[in-house]
file work_4.csv (CSV, C-alpha atoms and all ligand atoms)
chain,number,residue,atom,x,y,z
A,20,MET,CA,141.1,121.1,136.2
A,21,SER,CA,144.0,120.7,138.7
A,22,SER,CA,146.4,120.6,135.8
A,23,PHE,CA,145.4,124.2,135.0
A,24,ALA,CA,146.5,125.4,138.4
A,25,ALA,CA,149.9,123.8,138.0
A,26,ARG,CA,150.5,125.2,134.6
A,27,PHE,CA,148.9,128.6,134.7
A,28,PRO,CA,149.2,131.4,137.2
A,29,LEU,CA,145.8,132.5,136.1
A,30,ALA,CA,144.3,129.3,137.1
A,31,VAL,CA,141.4,130.9,139.0
A,32,CYS,CA,140.6,133.2,136.2
A,33,LEU,CA,140.7,130.4,133.6
A,34,LEU,CA,138.4,128.4,135.9
A,35,GLY,CA,136.2,131.5,136.0
A,36,VAL,CA,136.0,131.6,132.2
A,37,VAL,CA,135.2,128.0,132.0
A,38,LEU,CA,132.5,128.4,134.6
A,39,GLY,CA,131.2,131.5,132.8
A,40,LEU,CA,131.9,133.9,135.8
A,41,ALA,CA,131.7,137.6,135.0
A,42,GLY,CA,134.6,139.9,135.4
A,43,CYS,CA,137.4,137.4,134.9
A,44,SER,CA,138.4,138.6,131.4
A,45,SER,CA,138.8,142.2,132.6
A,46,SER,CA,141.2,141.1,135.3
A,47,ARG,CA,143.2,139.3,132.7
A,48,THR,CA,143.8,142.5,130.8
A,49,THR,CA,145.7,143.9,133.8
A,50,THR,CA,148.3,141.2,133.5
A,51,SER,CA,151.0,140.9,130.8
A,52,PRO,CA,149.9,137.7,129.2
A,53,THR,CA,152.1,135.7,127.1
A,54,PRO,CA,150.8,134.7,123.7
A,55,ALA,CA,150.2,131.2,125.0
A,56,GLU,CA,148.0,132.6,127.7
A,57,GLU,CA,146.0,134.7,125.2
A,58,ALA,CA,145.0,131.5,123.3
A,59,PRO,CA,141.9,129.7,124.6
A,60,PRO,CA,142.8,127.1,127.2
A,61,SER,CA,143.8,123.7,125.8
A,62,THR,CA,140.9,121.3,126.5
A,63,PRO,CA,142.0,118.4,128.6
A,64,ALA,CA,138.4,118.4,129.9
A,65,PRO,CA,137.1,114.8,130.0
A,66,THR,CA,134.9,113.7,127.2
A,67,LEU,CA,132.7,110.7,126.5
A,68,SER,CA,133.0,109.2,123.1
A,69,ALA,CA,129.9,108.4,121.1
A,70,PRO,CA,128.5,104.8,121.1
A,71,SER,CA,129.0,102.9,117.8
A,72,GLY,CA,127.5,100.0,116.0
A,73,ILE,CA,123.9,100.9,116.6
A,74,GLN,CA,121.7,98.3,114.9
A,75,LEU,CA,118.3,96.7,114.7
A,76,ALA,CA,118.4,93.5,116.7
A,77,SER,CA,114.8,92.5,116.2
A,78,LEU,CA,111.6,94.0,114.9
A,79,ASP,CA,108.0,93.1,115.8
A,80,ILE,CA,105.9,94.6,113.1
A,81,ARG,CA,102.6,93.6,114.7
A,82,GLN,CA,103.5,95.0,118.1
A,83,ARG,CA,105.3,98.0,116.6
A,84,ALA,CA,108.3,97.2,118.8
A,85,ALA,CA,112.0,97.2,118.0
A,86,LEU,CA,115.0,95.9,119.9
A,87,VAL,CA,118.0,98.3,119.3
A,88,SER,CA,121.5,97.5,120.3
A,89,TRP,CA,124.9,99.3,120.2
A,90,THR,CA,128.5,99.0,121.3
A,91,GLY,CA,129.0,100.5,124.7
A,92,VAL,CA,131.4,103.2,125.9
A,93,ALA,CA,133.8,102.9,128.8
A,94,ASN,CA,132.6,104.9,131.8
A,95,ALA,CA,129.1,105.2,130.5
A,96,THR,CA,126.5,104.8,133.3
A,97,SER,CA,123.5,105.4,131.1
A,98,TYR,CA,122.5,106.0,127.5
A,99,VAL,CA,120.1,108.3,125.9
A,100,VAL,CA,118.2,107.0,122.8
A,101,GLU,CA,116.7,109.5,120.5
A,102,VAL,CA,113.9,108.2,118.3
A,103,SER,CA,112.4,110.2,115.4
A,104,THR,CA,110.5,110.0,112.2
A,105,ALA,CA,113.0,112.2,110.4
A,106,SER,CA,116.8,112.0,110.1
A,107,GLY,CA,118.8,113.9,112.7
A,108,GLN,CA,115.8,114.6,114.9
A,109,SER,CA,114.4,113.3,118.2
A,110,ASN,CA,110.8,114.2,117.6
A,111,PHE,CA,109.3,110.9,118.6
A,112,ALA,CA,111.0,110.0,121.9
A,113,VAL,CA,114.1,110.6,124.0
A,114,ILE,CA,114.7,107.7,126.3
A,115,THR,CA,117.2,107.7,129.1
A,116,THR,CA,118.0,104.1,130.0
A,117,GLY,CA,119.4,104.8,133.4
A,118,ASN,CA,121.8,101.8,133.2
A,119,SER,CA,124.8,100.7,131.2
A,120,ASN,CA,122.9,98.0,129.2
A,121,THR,CA,123.5,98.4,125.5
A,122,VAL,CA,120.1,97.2,124.3
A,123,LEU,CA,116.8,98.9,124.5
A,124,GLN,CA,113.3,97.8,123.5
A,125,LEU,CA,111.4,100.6,121.7
A,126,THR,CA,107.6,100.3,121.8
A,127,ASP,CA,104.6,102.0,120.4
A,128,LEU,CA,106.6,103.1,117.4
A,129,PRO,CA,105.0,105.0,114.5
A,130,ALA,CA,104.1,102.6,111.7
A,131,GLY,CA,104.1,103.1,108.0
A,132,GLY,CA,107.4,104.9,107.6
A,133,TYR,CA,111.1,105.1,108.5
A,134,VAL,CA,112.1,105.2,112.1
A,135,TYR,CA,115.4,106.8,113.0
A,136,ALA,CA,117.4,106.2,116.2
A,137,ARG,CA,120.6,107.5,117.6
A,138,VAL,CA,122.2,106.9,121.0
A,139,ARG,CA,124.4,109.0,123.3
A,140,ALA,CA,126.4,107.8,126.2
A,141,GLN,CA,126.2,109.5,129.7
A,142,GLY,CA,128.6,109.3,132.6
A,143,ASN,CA,130.4,111.7,135.0
A,144,ASN,CA,127.9,114.4,134.2
A,145,LEU,CA,128.9,114.2,130.5
A,146,THR,CA,126.9,113.4,127.5
A,147,SER,CA,128.5,112.1,124.4
A,148,PRO,CA,127.8,113.2,120.8
A,149,PRO,CA,125.3,111.0,119.1
A,150,SER,CA,126.1,107.7,117.5
A,151,SER,CA,125.6,107.2,113.8
A,152,GLU,CA,122.0,107.0,112.8
A,153,LEU,CA,120.0,103.8,112.6
A,154,ARG,CA,117.2,103.8,110.0
A,155,PHE,CA,114.6,101.1,109.6
A,156,TYR,CA,111.2,100.8,107.9
A,157,LEU,CA,108.2,99.8,110.0
A,158,GLN,CA,105.4,98.3,108.0
A,159,ASP,CA,101.9,99.1,109.1
A,160,TYR,CA,100.4,95.9,110.3
A,161,LYS,CA,96.8,97.2,109.8
A,162,TYR,CA,97.5,97.8,106.2
A,163,LEU,CA,99.0,94.3,105.9
A,164,LEU,CA,95.9,92.8,107.5
A,165,GLU,CA,93.7,94.8,105.2
A,166,ALA,CA,95.5,93.6,102.1
A,167,LEU,CA,95.4,90.0,103.1
A,168,ALA,CA,91.8,90.0,104.4
A,169,VAL,CA,89.9,92.3,102.1
A,170,GLN,CA,92.4,93.1,99.2
A,171,THR,CA,92.3,96.9,99.6
A,172,GLY,CA,94.6,99.6,101.1
A,173,PRO,CA,98.0,100.7,100.2
A,174,TYR,CA,99.5,97.2,100.3
A,175,TYR,CA,97.2,95.8,97.7
A,176,PRO,CA,95.0,98.6,96.3
A,177,THR,CA,92.7,96.5,94.1
A,178,PRO,CA,88.9,96.6,94.3
A,179,ALA,CA,87.8,93.4,95.8
A,180,PRO,CA,84.8,91.7,94.1
A,181,PHE,CA,82.9,91.9,97.3
A,182,ASP,CA,83.0,93.9,100.6
A,183,GLY,CA,84.5,91.7,103.2
A,184,VAL,CA,86.3,88.6,104.1
A,185,ARG,CA,86.2,85.3,102.2
A,186,GLY,CA,86.9,81.7,103.2
A,187,TRP,CA,85.1,78.7,104.6
A,188,PRO,CA,82.1,78.8,106.8
A,189,ALA,CA,82.4,78.0,110.5
A,190,GLY,CA,81.8,74.4,111.3
A,191,THR,CA,83.0,73.1,108.0
A,192,THR,CA,85.3,70.1,107.7
A,193,VAL,CA,87.3,70.8,104.6
A,194,ARG,CA,88.4,67.7,102.8
A,195,ILE,CA,91.7,68.4,101.0
A,196,ARG,CA,92.4,65.9,98.3
A,197,LEU,CA,95.7,65.8,96.5
A,198,SER,CA,96.1,64.4,93.0
A,199,ASN,CA,98.6,61.5,92.9
A,200,THR,CA,100.6,63.7,90.5
A,201,VAL,CA,101.4,66.3,93.2
A,202,THR,CA,105.1,66.4,93.7
A,203,ALA,CA,106.9,66.0,97.0
A,204,GLU,CA,107.8,69.7,97.0
A,205,GLN,CA,104.3,70.7,96.3
A,206,ARG,CA,103.0,68.4,99.0
A,207,ARG,CA,105.3,69.9,101.5
A,208,GLY,CA,103.9,73.4,100.9
A,209,LEU,CA,100.3,72.2,100.9
A,210,GLU,CA,100.6,70.1,104.1
A,211,THR,CA,102.4,72.8,106.1
A,212,VAL,CA,99.8,75.4,105.4
A,213,ALA,CA,97.1,72.8,106.2
A,214,ALA,CA,98.8,72.1,109.5
A,215,GLN,CA,98.7,75.8,110.3
A,216,LEU,CA,94.9,75.7,110.4
A,217,ALA,CA,95.1,73.9,113.7
A,218,VAL,CA,97.0,76.8,115.3
A,219,SER,CA,95.1,79.6,113.5
A,220,GLY,CA,92.0,79.6,115.7
A,221,ALA,CA,89.8,78.9,112.7
A,222,PRO,CA,86.3,77.7,113.4
A,223,TYR,CA,86.6,75.0,110.8
A,224,ARG,CA,89.0,72.1,110.3
A,225,ALA,CA,90.6,70.2,107.4
A,226,THR,CA,91.7,66.7,106.6
A,227,ILE,CA,94.2,65.8,103.9
A,228,GLU,CA,94.5,62.7,101.7
A,229,VAL,CA,95.7,61.6,98.2
A,230,MET,CA,93.1,60.9,95.5
A,231,ASP,CA,93.6,58.4,92.8
A,232,ASN,CA,93.3,60.8,89.8
A,233,ASN,CA,94.3,64.2,88.4
A,234,GLN,CA,90.8,65.2,87.2
A,235,PRO,CA,89.4,68.0,89.3
A,236,THR,CA,85.7,68.3,90.2
A,237,PHE,CA,83.9,70.8,92.3
A,238,ARG,CA,82.6,68.9,95.2
A,239,ARG,CA,81.1,70.4,98.3
A,240,ASN,CA,83.6,71.1,101.1
A,241,GLU,CA,86.5,69.9,99.2
A,242,ILE,CA,89.8,71.5,98.1
A,243,GLN,CA,91.1,69.4,95.2
A,244,VAL,CA,94.7,69.9,94.1
A,245,VAL,CA,95.7,68.8,90.7
A,246,THR,CA,98.7,69.4,88.4
A,247,LEU,CA,98.5,70.8,84.9
A,248,ALA,CA,101.3,71.6,82.4
A,249,ASN,CA,101.6,75.3,82.0
A,250,ALA,CA,99.0,75.7,84.7
A,251,CYS,CA,97.2,79.0,84.7
A,252,GLY,CA,99.3,80.1,81.7
A,253,THR,CA,102.5,80.4,83.9
A,254,GLY,CA,103.3,76.9,85.0
A,255,MET,CA,103.0,78.2,88.6
A,256,GLY,CA,99.6,77.9,90.1
A,257,CYS,CA,96.1,79.3,90.6
A,258,THR,CA,93.0,78.7,92.5
A,259,VAL,CA,89.4,78.5,91.3
A,260,TYR,CA,86.5,78.9,93.7
A,261,ALA,CA,82.9,77.9,93.9
A,262,ASP,CA,80.3,79.2,96.3
A,263,THR,CA,78.2,77.0,98.6
A,264,SER,CA,75.8,76.3,95.7
A,265,LEU,CA,78.9,75.1,93.8
A,266,ARG,CA,78.7,78.0,91.3
A,267,GLN,CA,82.1,78.9,90.1
A,268,GLY,CA,83.3,82.5,90.4
A,269,GLN,CA,84.6,84.9,93.0
A,270,ALA,CA,83.0,83.1,96.0
A,271,GLN,CA,83.1,85.0,99.3
A,272,VAL,CA,81.9,82.0,101.2
A,273,PHE,CA,83.6,78.9,99.8
A,274,GLY,CA,81.7,75.8,99.0
A,275,SER,CA,84.4,74.1,96.9
A,276,VAL,CA,87.9,75.0,95.6
A,277,VAL,CA,90.1,73.5,92.9
A,278,LEU,CA,93.8,74.3,93.1
A,279,TYR,CA,96.0,74.0,90.0
A,280,LEU,CA,99.7,73.7,90.2
A,281,GLY,CA,102.4,73.4,87.5
A,282,THR,CA,103.8,70.0,86.7
A,283,ALA,CA,107.1,68.4,87.8
A,284,GLY,CA,110.0,70.6,86.7
A,285,GLU,CA,107.9,73.7,86.2
A,286,ARG,CA,108.1,76.8,88.5
A,287,GLY,CA,104.9,75.6,90.2
A,288,ASP,CA,106.7,72.4,91.3
A,289,ALA,CA,107.7,74.2,94.5
A,290,ALA,CA,106.7,74.4,98.1
A,291,ASP,CA,106.5,78.2,98.1
A,292,ILE,CA,104.0,78.3,95.2
A,293,ALA,CA,101.9,75.4,96.7
A,294,ALA,CA,101.8,77.1,100.1
A,295,HIS,CA,100.8,80.4,98.5
A,296,GLU,CA,97.9,78.7,96.6
A,297,MET,CA,96.8,76.9,99.8
A,298,GLY,CA,96.8,80.2,101.6
A,299,HIS,CA,94.1,81.3,99.1
A,300,ALA,CA,92.3,78.0,99.2
A,301,LEU,CA,92.2,77.2,102.9
A,302,PHE,CA,92.3,80.6,104.5
A,303,GLY,CA,90.7,82.8,101.8
A,304,LEU,CA,93.7,85.1,102.0
A,305,TRP,CA,94.3,87.7,99.2
A,306,HIS,CA,97.7,89.1,98.2
A,307,VAL,CA,100.2,91.6,99.5
A,308,HIS,CA,102.4,93.5,97.1
A,309,TYR,CA,103.2,96.9,98.9
A,310,GLN,CA,102.2,98.8,95.7
A,311,ASN,CA,102.1,102.1,97.6
A,312,VAL,CA,105.2,101.5,99.6
A,313,ALA,CA,108.1,103.0,97.7
A,314,GLU,CA,110.5,101.6,100.4
A,315,ALA,CA,109.4,98.0,99.9
A,316,PRO,CA,111.6,95.6,97.9
A,317,GLN,CA,110.5,95.1,94.4
A,318,TYR,CA,111.4,91.4,94.0
A,319,PRO,CA,110.7,88.4,96.2
A,320,SER,CA,114.5,87.7,96.4
A,321,HIS,CA,115.0,91.1,98.0
A,322,PHE,CA,112.8,90.2,101.0
A,323,GLY,CA,114.0,88.3,104.0
A,324,THR,CA,114.9,91.3,106.2
A,325,LEU,CA,113.6,92.2,109.6
A,326,GLU,CA,111.7,95.1,107.9
A,327,PHE,CA,110.3,93.0,105.0
A,328,PRO,CA,110.2,89.3,105.9
A,329,PHE,CA,109.4,86.9,103.1
A,330,MET,CA,105.6,86.9,102.5
A,331,THR,CA,104.0,83.7,101.3
A,332,MET,CA,101.1,85.7,99.9
A,333,TYR,CA,103.3,88.1,98.0
A,334,ALA,CA,101.7,88.7,94.6
A,335,SER,CA,104.6,87.7,92.4
A,336,ALA,CA,107.2,85.0,92.1
A,337,GLU,CA,110.6,84.9,90.3
A,338,PRO,CA,111.3,82.2,87.7
A,339,VAL,CA,114.3,80.8,89.5
A,340,PHE,CA,114.4,82.2,93.0
A,341,ARG,CA,112.3,80.3,95.5
A,342,SER,CA,111.1,81.9,98.7
A,343,PRO,CA,112.1,79.8,101.7
A,344,ASN,CA,108.5,80.0,102.9
A,345,ASP,CA,106.8,76.6,102.7
A,346,ARG,CA,104.0,77.9,104.9
A,347,LEU,CA,102.4,81.2,105.9
A,348,SER,CA,105.0,83.5,107.4
A,349,ASP,CA,104.8,84.3,111.1
A,350,LEU,CA,103.4,87.7,110.2
A,351,GLU,CA,100.7,86.2,107.9
A,352,LEU,CA,99.8,83.6,110.5
A,353,HIS,CA,99.3,86.4,113.1
A,354,VAL,CA,97.0,88.1,110.6
A,355,VAL,CA,94.9,85.0,110.4
A,356,GLN,CA,94.9,84.5,114.1
A,357,ASP,CA,93.9,88.1,114.8
A,358,LEU,CA,91.0,87.7,112.4
A,359,PHE,CA,89.7,84.5,113.9
A,360,ARG,CA,90.4,85.6,117.5
A,361,SER,CA,88.2,88.6,116.7
A,362,GLY,CA,85.4,86.4,115.5
A,363,VAL,CA,85.9,87.4,111.9
A,364,THR,CA,85.0,84.6,109.4
A,365,ALA,CA,83.9,84.4,105.7
A,366,GLY,CA,81.2,86.9,104.9
A,367,ALA,CA,82.2,89.4,107.5
A,368,ARG,CA,82.2,93.0,106.2
A,369,ARG,CA,84.8,95.6,106.1
A,370,ALA,CA,82.9,97.5,108.8
A,371,ASP,CA,83.2,94.5,111.1
A,372,LEU,CA,87.0,94.7,110.8
A,373,GLN,CA,86.9,98.4,111.5
A,374,ALA,CA,84.7,97.9,114.5
A,375,ARG,CA,87.2,95.5,115.9
A,376,GLY,CA,90.1,97.9,115.3
A,377,LEU,CA,91.7,95.5,112.8
A,378,ILE,CA,91.9,98.0,110.0
A,379,TYR,CA,91.7,101.7,109.7
B,1,ZN,ZN,98.0,84.3,94.5
call {"tool": "encode", "arguments": {"input": "work_4.csv", "output": "structure tokens", "more": "lines below"}}
Ligand SMILES: [Zn+2]
result
Amino acid sequence: MSSFAARFPLAVCLLGVVLGLAGCSSSRTTTSPTPAEEAPPSTPAPTLSAPSGIQLASLDIRQRAALVSWTGVANATSYVVEVSTASGQSNFAVITTGNSNTVLQLTDLPAGGYVYARVRAQGNNLTSPPSSELRFYLQDYKYLLEALAVQTGPYYPTPAPFDGVRGWPAGTTVRIRLSNTVTAEQRRGLETVAAQLAVSGAPYRATIEVMDNNQPTFRRNEIQVVTLANACGTGMGCTVYADTSLRQGQAQVFGSVVLYLGTAGERGDAADIAAHEMGHALFGLWHVHYQNVAEAPQYPSHFGTLEFPFMTMYASAEPVFRSPNDRLSDLELHVVQDLFRSGVTAGARRADLQARGLIY
């Protein structure tokens, strides 16, 4: 402002205009202003530039939390982050950081849609324009759990053959027996999923061994894994269940499982396919495919983002592309852990999951 005083005799009046004081403009009419003085004052007023580079640094789908970062602005002493469920809005939250850090953890975010975020810098009593807008999709973890546990909801809207959760009964020791034709890649996927049982909180356990043949039989408390040319019509894999009386069909409580995988060189000769089938066989998981999520990737090769990580139990595979998952993803393992931690095992009903707040 001091530069005004030096350059303009009407410095006080100009200040008055800037400050919105009444009566100043009328006093100006009594002078004989030059054209330059008639023009609005030039604007050397200090400004604060908008932060740039806003991005999603990490995303916790289960906790509905996101870490957002941006490139800071000189002289900024604080930032204001506007969060919304619609572009250009701030209808969800406006958070003033109160410090010059350029990261912020957003929590309790709304799930099942896009989240938008912008950031403004603050300093010297100034607030900058907003940064460009960050947009990311936040999956709904409850829908994910519902698809994997009971095969319903928008992420896999298919009527399940029974109401509730399937899998092995508590107290079982599941004997996993691999045909001696199982390839090294297949074995990797099978063993890593089997190893996850120990950290899943499951009330049952498993052992794993190689058997000396490739002829499957339904035997109590066993998962037998065999290879078969053009397995299941695709050369990938499929899983066949028997209930505790060893009757084959859509068993809710497993008594025996046979897992077929394609032969060496077929698509089923892969850790991701083997892990997927073992996800069915050992944990009783169903599929996720995001059918009613228009924003979801359509092909497995398009996954692998913070918003849509690779899912081992995704319902489809590509002929050439192999998911890097040779085990349940972190998100899928969390689903399993949340189920077991809540005391949910094979035979539990949908209402049991609802009562525990696991699904809507
Ligand atoms: Zn499957």
call {"tool": "residues_around", "arguments": {"input": "work_4.csv", "residues": "Arg81 in chain A", "least_positions_apart": "6", "cutoff": "8 Å", "atoms": "all atoms listed in the file", "output": "list in words"}}
result
Asp159, Tyr160 and Leu350 of chain A
call {"tool": "residues_around", "arguments": {"input": "work_4.csv", "residues": "range 136-147 of chain A", "least_positions_apart": "5", "cutoff": "12 Å", "atoms": "only C-alpha atoms", "output": "MDAnalysis selection string"}}
result
chainID A and resid 64:75 85:125 128 152:156
call {"tool": "atom_distance", "arguments": {"input": "work_4.csv", "atom1": "CA of Arg286 in chain A", "atom2": "CA of Phe327 in chain A"}}
result
23.2 Å
call {"tool": "closest_residue", "arguments": {"input": "work_4.csv", "among": "A:Thr282, A:Thr200, A:Ser264, A:Thr258", "to": "ligand ZN 1 (chain B)", "atoms": "all atoms listed in the file"}}
result
A:Thr258
call {"tool": "residues_near_ligand", "arguments": {"input": "work_4.csv", "ligand": "ligand ZN 1 (chain B)", "cutoff": "10 Å", "atoms": "only C-alpha atoms and all ligand atoms", "output": "list in words"}}
result
Met255, Gly256, Cys257, Thr258, Ile292, Ala293, Ala294, His295, Glu296, Met297, Gly298, His299, Ala300, Leu304, Trp305, His306, Val307, Thr331, Met332, Tyr333, Ala334, Ser335 and Ala336 of chain A
call {"tool": "residues_near_point", "arguments": {"input": "work_4.csv", "point": "(109.0, 102.4, 97.4)", "cutoff": "12 Å", "atoms": "all atoms listed in the file", "output": "MDAnalysis selection string"}}
result
chainID A and resid 131:133 156 158 173:174 308:318
call {"tool": "closest_atom_pairs", "arguments": {"input": "work_4.csv", "of": "range 206-279 of chain A", "to": "range 359-366 of chain A", "cutoff": "6 Å", "atoms": "only C-alpha atoms", "output": "JSON lines"}}
result
{"residue": "A:Gly220", "atom": "CA", "partner": "A:Phe359", "partner_atom": "CA", "distance": 5.7}
{"residue": "A:Ala221", "atom": "CA", "partner": "A:Phe359", "partner_atom": "CA", "distance": 5.7}
{"residue": "A:Val272", "atom": "CA", "partner": "A:Ala365", "partner_atom": "CA", "distance": 5.5}
call {"tool": "residues_around", "arguments": {"input": "work_4.csv", "residues": "Ala203 in chain A", "least_positions_apart": "5", "cutoff": "10 Å", "atoms": "all atoms listed in the file", "output": "PyMOL selection string"}}
result
chain A and resi 208-209+283+288-290
call {"tool": "write_last_selection", "arguments": {"input": "work_4.csv", "atoms": "C-alpha atoms", "output": "CSV table (one decimal), in the frame of the given file"}}
result
chain,number,residue,atom,x,y,z
A,208,GLY,CA,103.9,73.4,100.9
A,209,LEU,CA,100.3,72.2,100.9
A,283,ALA,CA,107.1,68.4,87.8
A,288,ASP,CA,106.7,72.4,91.3
A,289,ALA,CA,107.7,74.2,94.5
A,290,ALA,CA,106.7,74.4,98.1
call {"tool": "closest_residue", "arguments": {"input": "work_4.csv", "among": "A:Ala130, A:Leu377, A:Val212, A:Ala166", "to": "Asn344 in chain A", "atoms": "all atoms listed in the file"}}
result
A:Val212
call {"tool": "residues_around", "arguments": {"input": "work_4.csv", "residues": "Leu372 in chain A", "least_positions_apart": "4", "cutoff": "9 Å", "atoms": "only C-alpha atoms", "output": "PDB file with C-alpha atoms, keeping the file's coordinate frame"}}
result
ATOM      1  CA  GLU A 165      93.700  94.800 105.200  1.00  0.00           C
ATOM      2  CA  GLY A 183      84.500  91.700 103.200  1.00  0.00           C
ATOM      3  CA  LEU A 358      91.000  87.700 112.400  1.00  0.00           C
ATOM      4  CA  SER A 361      88.200  88.600 116.700  1.00  0.00           C
ATOM      5  CA  VAL A 363      85.900  87.400 111.900  1.00  0.00           C
ATOM      6  CA  ALA A 367      82.200  89.400 107.500  1.00  0.00           C
ATOM      7  CA  ARG A 368      82.200  93.000 106.200  1.00  0.00           C
ATOM      8  CA  GLY A 376      90.100  97.900 115.300  1.00  0.00           C
ATOM      9  CA  LEU A 377      91.700  95.500 112.800  1.00  0.00           C
ATOM     10  CA  ILE A 378      91.900  98.000 110.000  1.00  0.00           C
ATOM     11  CA  TYR A 379      91.700 101.700 109.700  1.00  0.00           C
TER      12      TYR A 379
END
call {"tool": "closest_residue", "arguments": {"input": "work_4.csv", "among": "A:Gly252, A:Ala84, A:Val245, A:Thr202", "to": "Asp127 in chain A", "atoms": "all atoms listed in the file"}}
result
A:Ala84
call {"tool": "atom_distance", "arguments": {"input": "work_4.csv", "atom1": "CA of Arg266 in chain A", "atom2": "CA of Phe237 in chain A"}}
result
8.9 Å
call {"tool": "closest_residue", "arguments": {"input": "work_4.csv", "among": "A:Arg224, A:Arg346, A:Arg369, A:Arg185", "to": "Thr171 in chain A", "atoms": "all atoms listed in the file"}}
result
A:Arg369
call {"tool": "atom_distance", "arguments": {"input": "work_4.csv", "atom1": "CA of Tyr135 in chain A", "atom2": "CA of Leu164 in chain A"}}
result
24.6 Å
call {"tool": "closest_residue", "arguments": {"input": "work_4.csv", "among": "A:Phe302, A:Tyr175, A:Tyr279, A:Tyr260", "to": "Trp187 in chain A", "atoms": "all atoms listed in the file"}}
result
A:Phe302
call {"tool": "closest_residue", "arguments": {"input": "work_4.csv", "among": "A:Pro188, A:Tyr223, A:Leu280, A:Pro328", "to": "Asp262 in chain A", "atoms": "all atoms listed in the file"}}
result
A:Pro188
